[in-house]
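Undergrad: Let me begin by handing over the structure; questions about it come next.
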Amino acid sequence: MSNDLLVVEDLKKHFPITRGIIFQKEIATVKAVDGISFTLREGETLGIVGESGCGKSTLVRCLLKLLEPTSGRIVYDGRDISGLSRREMRPLRRNMMMVFQDPYASLNARKRVGFIIGEALELHGIGTPAERKRRVQELLEVVGLNPEHFNRFPHEFSGGQRQRIGVARALAVNPKLIFCDEPVSALDVSVQAQILNLLKDLQKEFGLTYVFIAHDLNVVRHISDRVMVMYLGKAVELADRDDIYVSPKHPYTGALLSAVPLPNPETGRARKKLVLEGDVPNPINPPAACNFHPRCPRFHEGHCDVETPPLDTIAPDHLVACHYPLERWPMDLSERPAAGPQPVETTG
Amino acid sequence: MAEPLLDVRDLRTEFHTDDGVVKAVDGVSFTVAPGQVLGIVGESGSGKSVTCLTVMGLNDPKFAKSSGEVLFRGEDLLKASSSRLRDIRGNEIAMIFQDPMTSLNPVHKIGRQLAEAVKLHKDVSTKQAYARALELLKAVGIPRAERRIDDYPHQFSGGMRQRVMIAMALVNDPDLIVADEPTTALDVTTQAQILALIKRLQEDFGSAVIMITHDLGVVAETADDVIVMYAARIAERGPVRAIFNEPRHPYTWGLMGSLPRLDVNVERLYQIPGQPPSLLNPPVGCRFHPRCAFAMPVCREREPVLAVAAHDPTHEQACHLDEETKAREAATLVASLTAGAGA
């Protein structure tokens, strides 16, 4: 297929934990990203959700080759980039840009906004200084800031305006693909809506493709075409937005959805909630097989803790890694599937 | 109506800074009945946290000046001596802070920190204090509490640290718990655990709770009454169903419309233009008028007062718009938000 912009195959990033100063001995590994595969189509927005520590930021850093993946293949626009060196990556970088989470920490406080936005143009040797200045002013206008403000410093802007500067910087070299790592989580609701609308408008205008990371499921529903749910370094569910939100199949997705407070006193309080027990396990020593099994309400002993469920197609364009996917939604998650492949307990 | 537990009247707090006087809370009045959950929503800088810090007497007196009345069971806390305040805080009013990572002392064991809180207010032996600490850890659902009591805060996850903070707040069965963004730093599944815990404890212990948050979802699911704050003032106040089903203030409409929804697909979010005003120099007239789609000439001149809405005596709002427009706009908004939901 020609419109697959990014193809990721079995991507892994393991961080070694070593002990000893001179003779370093590897005592364990943190499997931050553990075998992720997906395809990103041109012009779409892929949302990645998961709780802190599930590896979503590490995944994006690997895709951008800011971190060297341990294994796996990343194919960008038909070209395998997983083995490329930093120097070989450089010309490709103008196609993929990033918007960061913290609009306060991600802008150099000592540089003027014009320099911050135009730096990528300079690095890639695009245009003359006068052209670059014109481009920066144009970009400021595109993201809804005053073009006359290119000589100001970041501290003269509010949080939402800084995030606009971050977006303008990412747009400077006309990238095809923008990675957004929690771009609105540091902003107030009213400002968050402005940035989300801006990102959607820019996508339409410039035909951008987004990979959008967030922990806020509401935001991900709003912005994404497809959604990937991650848990402990693995993708547990990947489907079109409406499939994920209307008929989730993985119990973890169901638990996440039922945990989000709804801004509606009636439906919010009336619906049945599933409160997961405990915390996300330690990634140094994750549970065997399906790593969600210790917290899963549909856990089957002797199956879920023995055999790893593969990420399988359950419906067209709907991938789930679960032995006992949910039959319908909303459903009482503690309800056991009537006849599983290996029924261990007799249901009473 | 029952005697309110907390009666705040015309509370004003200003901070004297190098740039001028910041009126962080500017004429806020509300009451909390025993056992009631009051939600205060607003964006950063709307004065919701400062309101509660002032109620608790936790502002630095060097910079902050407060006026008005904070009547806790009839006693004005603004006039209370610092030793009397210390006595009330932790005993009758307890606070849960936003950041469980920085609110615990990293060099002391969990048990010691809890026991210290017990001993501060009760004349008990160290052994008894530890026994109480253990009991509380079990009450807030720390697994294997007997072992975990000797752990340091860094050995606990974020959600468990917040449970410890809640345990600490519960030490003396307070009548009022002030929770300042208690779940903001937590993941959704952990947030659900903590909210369920606060609700269960509130029912078991019968405490009243002031829940400060920026998350309308949290308010909708936990609060009995809601206050919406904007630029140091109350924009709207009422029972939770009234606020969500019949909002009467353009700012509340904006907040609700700008929220991405889990239950409804919205193509484009409503956006409130501009940003919250600086409290150094707030707009004249209604403070929301520069961002309000319904602003009229009167909004630029006269500040609206918080008045009872015509349709509902429990619902108050501060807006010059006529009732008819407000009812119509609210109905359109709520209809657009509930369309497709409920499935």
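In the structure tokens, chains take the letters A, B, ... in the order shown, each chain's residues start at 1, and ligands count up from 1 in the order shown.
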Got a sec: who's within 12 Å of Ile212 (chain B), counting only C-alpha atoms, leaving out chain neighbours fewer than 2 positions off, as a PyMOL selection string?
TA: chain B and resi 37-44+46-53+95-98+177-184+209-210+214-216+218-219+222-223+225-229
Undergrad: Could you dump the residues just selected with C-alpha atoms as a tab-separated table (two decimals), in the first residue's frame?
TA:
chain	number	residue	atom	x	y	z
B	37	VAL	CA	-19.63	17.42	49.41
B	38	LEU	CA	-18.99	20.82	47.88
B	39	GLY	CA	-17.15	20.91	44.56
B	40	ILE	CA	-15.25	24.04	43.55
B	41	VAL	CA	-14.29	24.15	39.86
B	42	GLY	CA	-12.31	26.71	37.98
B	43	GLU	CA	-9.20	27.13	35.88
B	44	SER	CA	-5.76	27.89	37.27
B	46	SER	CA	-9.42	31.42	39.51
B	47	GLY	CA	-8.82	31.54	43.26
B	48	LYS	CA	-10.15	28.13	44.22
B	49	SER	CA	-7.03	26.98	46.03
B	50	VAL	CA	-6.43	30.32	47.71
B	51	THR	CA	-10.00	30.26	49.03
B	52	CYS	CA	-9.28	26.99	50.77
B	53	LEU	CA	-5.84	27.96	52.00
B	95	MET	CA	-6.49	18.87	54.17
B	96	ILE	CA	-5.49	16.57	51.33
B	97	PHE	CA	-3.01	18.14	48.95
B	98	GLN	CA	-2.60	17.75	45.24
B	177	ILE	CA	-11.90	17.53	54.72
B	178	VAL	CA	-10.51	20.02	52.22
B	179	ALA	CA	-9.20	18.15	49.17
B	180	ASP	CA	-7.21	20.34	46.81
B	181	GLU	CA	-7.04	18.56	43.43
B	182	PRO	CA	-6.57	15.18	45.16
B	183	THR	CA	-6.44	13.15	41.95
B	184	THR	CA	-4.87	15.51	39.43
B	209	VAL	CA	-15.72	17.49	51.92
B	210	ILE	CA	-14.66	20.50	49.90
B	214	HIS	CA	-10.47	21.66	37.45
B	215	ASP	CA	-12.11	18.46	36.21
B	216	LEU	CA	-15.84	18.82	35.57
B	218	VAL	CA	-14.82	14.63	38.97
B	219	VAL	CA	-17.25	17.26	40.23
B	222	THR	CA	-18.71	13.36	43.53
B	223	ALA	CA	-20.24	16.68	44.55
B	225	ASP	CA	-23.22	21.29	45.41
B	226	VAL	CA	-20.97	23.03	42.92
B	227	ILE	CA	-19.31	26.44	42.83
B	228	VAL	CA	-17.87	27.63	39.52
B	229	MET	CA	-15.18	30.24	40.06
Undergrad: Once you count only C-alpha atoms, what closest atom pair and distance in Å to one decimal does each residue of chain B within 7 Å of chain A have, with rows by chain and rising residue number, as JSON lines?
TA:
{"residue": "B:Glu43", "atom": "CA", "partner": "A:Asp188", "partner_atom": "CA", "distance": 5.9}
{"residue": "B:Ser44", "atom": "CA", "partner": "A:Asp188", "partner_atom": "CA", "distance": 6.8}
{"residue": "B:Asp187", "atom": "CA", "partner": "A:Glu51", "partner_atom": "CA", "distance": 5.8}
{"residue": "B:Val188", "atom": "CA", "partner": "A:Ala259", "partner_atom": "CA", "distance": 5.9}
{"residue": "B:Thr189", "atom": "CA", "partner": "A:Ala259", "partner_atom": "CA", "distance": 5.5}
{"residue": "B:Ala192", "atom": "CA", "partner": "A:Ala259", "partner_atom": "CA", "distance": 5.3}
{"residue": "B:Gln193", "atom": "CA", "partner": "A:Val275", "partner_atom": "CA", "distance": 6.0}
{"residue": "B:Leu216", "atom": "CA", "partner": "A:Pro263", "partner_atom": "CA", "distance": 5.3}
{"residue": "B:Gly217", "atom": "CA", "partner": "A:Pro263", "partner_atom": "CA", "distance": 3.8}
{"residue": "B:Val218", "atom": "CA", "partner": "A:Pro261", "partner_atom": "CA", "distance": 5.5}
{"residue": "B:Ala220", "atom": "CA", "partner": "A:Pro265", "partner_atom": "CA", "distance": 4.7}
{"residue": "B:Glu221", "atom": "CA", "partner": "A:Pro265", "partner_atom": "CA", "distance": 5.7}
{"residue": "B:Val240", "atom": "CA", "partner": "A:Pro265", "partner_atom": "CA", "distance": 6.9}
{"residue": "B:Arg241", "atom": "CA", "partner": "A:Pro265", "partner_atom": "CA", "distance": 6.1}
{"residue": "B:Phe244", "atom": "CA", "partner": "A:Asn264", "partner_atom": "CA", "distance": 6.4}
{"residue": "B:Leu255", "atom": "CA", "partner": "A:Ser190", "partner_atom": "CA", "distance": 6.3}
{"residue": "B:Ser258", "atom": "CA", "partner": "A:Ala193", "partner_atom": "CA", "distance": 5.4}
{"residue": "B:Leu259", "atom": "CA", "partner": "A:Val189", "partner_atom": "CA", "distance": 6.5}
{"residue": "B:Pro260", "atom": "CA", "partner": "A:Asn218", "partner_atom": "CA", "distance": 5.2}
{"residue": "B:Arg261", "atom": "CA", "partner": "A:Asn218", "partner_atom": "CA", "distance": 5.0}
{"residue": "B:Leu262", "atom": "CA", "partner": "A:Asn218", "partner_atom": "CA", "distance": 4.7}
{"residue": "B:Asn265", "atom": "CA", "partner": "A:His222", "partner_atom": "CA", "distance": 6.7}
{"residue": "B:Val266", "atom": "CA", "partner": "A:His222", "partner_atom": "CA", "distance": 6.7}
{"residue": "B:Arg268", "atom": "CA", "partner": "A:Asn197", "partner_atom": "CA", "distance": 6.5}
{"residue": "B:Leu269", "atom": "CA", "partner": "A:Ala193", "partner_atom": "CA", "distance": 6.0}
{"residue": "B:Gln271", "atom": "CA", "partner": "A:Ala193", "partner_atom": "CA", "distance": 5.7}
{"residue": "B:Ile272", "atom": "CA", "partner": "A:Ser190", "partner_atom": "CA", "distance": 5.8}
{"residue": "B:Gly342", "atom": "CA", "partner": "A:Thr267", "partner_atom": "CA", "distance": 6.5}
Undergrad: Just list as number ranges by chain whatever in region 17-131 of chain A DSSP marks as helix (DSSP H, G or I).
TA: A: 56-63, 86-93, 113-123, 129-131
Undergrad: For Val8 (chain B), work out the shell of residues within 9 Å, counting only C-alpha atoms and skipping chain neighbours fewer than 4 positions away, then give it as a list in words.
TA: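 Here the answer would be Val28, Ser29, Phe30, Thr31, Val32, Val55, Gly68, Glu69, Val70, Leu71 and Phe72 of chain B.
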Undergrad: Region 55-264 of chain A: which residues are strand (DSSP E) by DSSP, as a PyMOL selection string?
TA: chain A and resi 71-76+79-80+96-99+177-181+209-214+226-231+234-240
Undergrad: Atoms to include: C-alpha atoms. Write the selected residues as a PDB file, in the first residue's frame.
TA:
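Output file part.pdb is given in full below:
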ATOM      1  CA  SER A  71      15.170  -4.558  17.913  1.00  0.00           C
ATOM      2  CA  GLY A  72      12.421  -4.299  15.355  1.00  0.00           C
ATOM      3  CA  ARG A  73      11.874  -2.432  12.122  1.00  0.00           C
ATOM      4  CA  ILE A  74      10.656   1.106  11.460  1.00  0.00           C
ATOM      5  CA  VAL A  75       9.796   1.793   7.840  1.00  0.00           C
ATOM      6  CA  TYR A  76       9.155   5.420   6.999  1.00  0.00           C
ATOM      7  CA  ARG A  79      12.457   3.211   3.657  1.00  0.00           C
ATOM      8  CA  ASP A  80      13.769   1.231   6.622  1.00  0.00           C
ATOM      9  CA  MET A  96       8.917  14.248  11.300  1.00  0.00           C
ATOM     10  CA  MET A  97       8.623  16.776  14.075  1.00  0.00           C
ATOM     11  CA  MET A  98       7.539  16.730  17.658  1.00  0.00           C
ATOM     12  CA  VAL A  99       5.362  18.843  19.968  1.00  0.00           C
ATOM     13  CA  LEU A 177       4.342  13.605  10.402  1.00  0.00           C
ATOM     14  CA  ILE A 178       4.053  15.260  13.810  1.00  0.00           C
ATOM     15  CA  PHE A 179       4.419  13.415  17.078  1.00  0.00           C
ATOM     16  CA  CYS A 180       2.475  15.108  19.864  1.00  0.00           C
ATOM     17  CA  ASP A 181       3.511  13.933  23.324  1.00  0.00           C
ATOM     18  CA  THR A 209      -0.337  12.913   9.969  1.00  0.00           C
ATOM     19  CA  TYR A 210      -0.336  12.856  13.772  1.00  0.00           C
ATOM     20  CA  VAL A 211       0.735  10.400  16.391  1.00  0.00           C
ATOM     21  CA  PHE A 212      -0.976  11.764  19.456  1.00  0.00           C
ATOM     22  CA  ILE A 213      -0.013  10.540  22.905  1.00  0.00           C
ATOM     23  CA  ALA A 214      -2.237  11.322  25.865  1.00  0.00           C
ATOM     24  CA  ARG A 226      -7.596   5.271  15.329  1.00  0.00           C
ATOM     25  CA  VAL A 227      -6.549   4.489  18.883  1.00  0.00           C
ATOM     26  CA  MET A 228      -3.943   2.176  20.345  1.00  0.00           C
ATOM     27  CA  VAL A 229      -4.189   1.230  24.007  1.00  0.00           C
ATOM     28  CA  MET A 230      -0.910   0.303  25.684  1.00  0.00           C
ATOM     29  CA  TYR A 231      -0.261  -1.555  28.912  1.00  0.00           C
ATOM     30  CA  LYS A 234       2.553  -3.826  24.836  1.00  0.00           C
ATOM     31  CA  ALA A 235      -0.353  -2.874  22.635  1.00  0.00           C
ATOM     32  CA  VAL A 236      -3.486  -4.482  24.045  1.00  0.00           C
ATOM     33  CA  GLU A 237      -6.003  -3.039  21.624  1.00  0.00           C
ATOM     34  CA  LEU A 238      -5.836  -1.152  18.332  1.00  0.00           C
ATOM     35  CA  ALA A 239      -8.932  -0.080  16.443  1.00  0.00           C
ATOM     36  CA  ASP A 240     -10.880   2.765  14.911  1.00  0.00           C
TER      37      ASP A 240
END
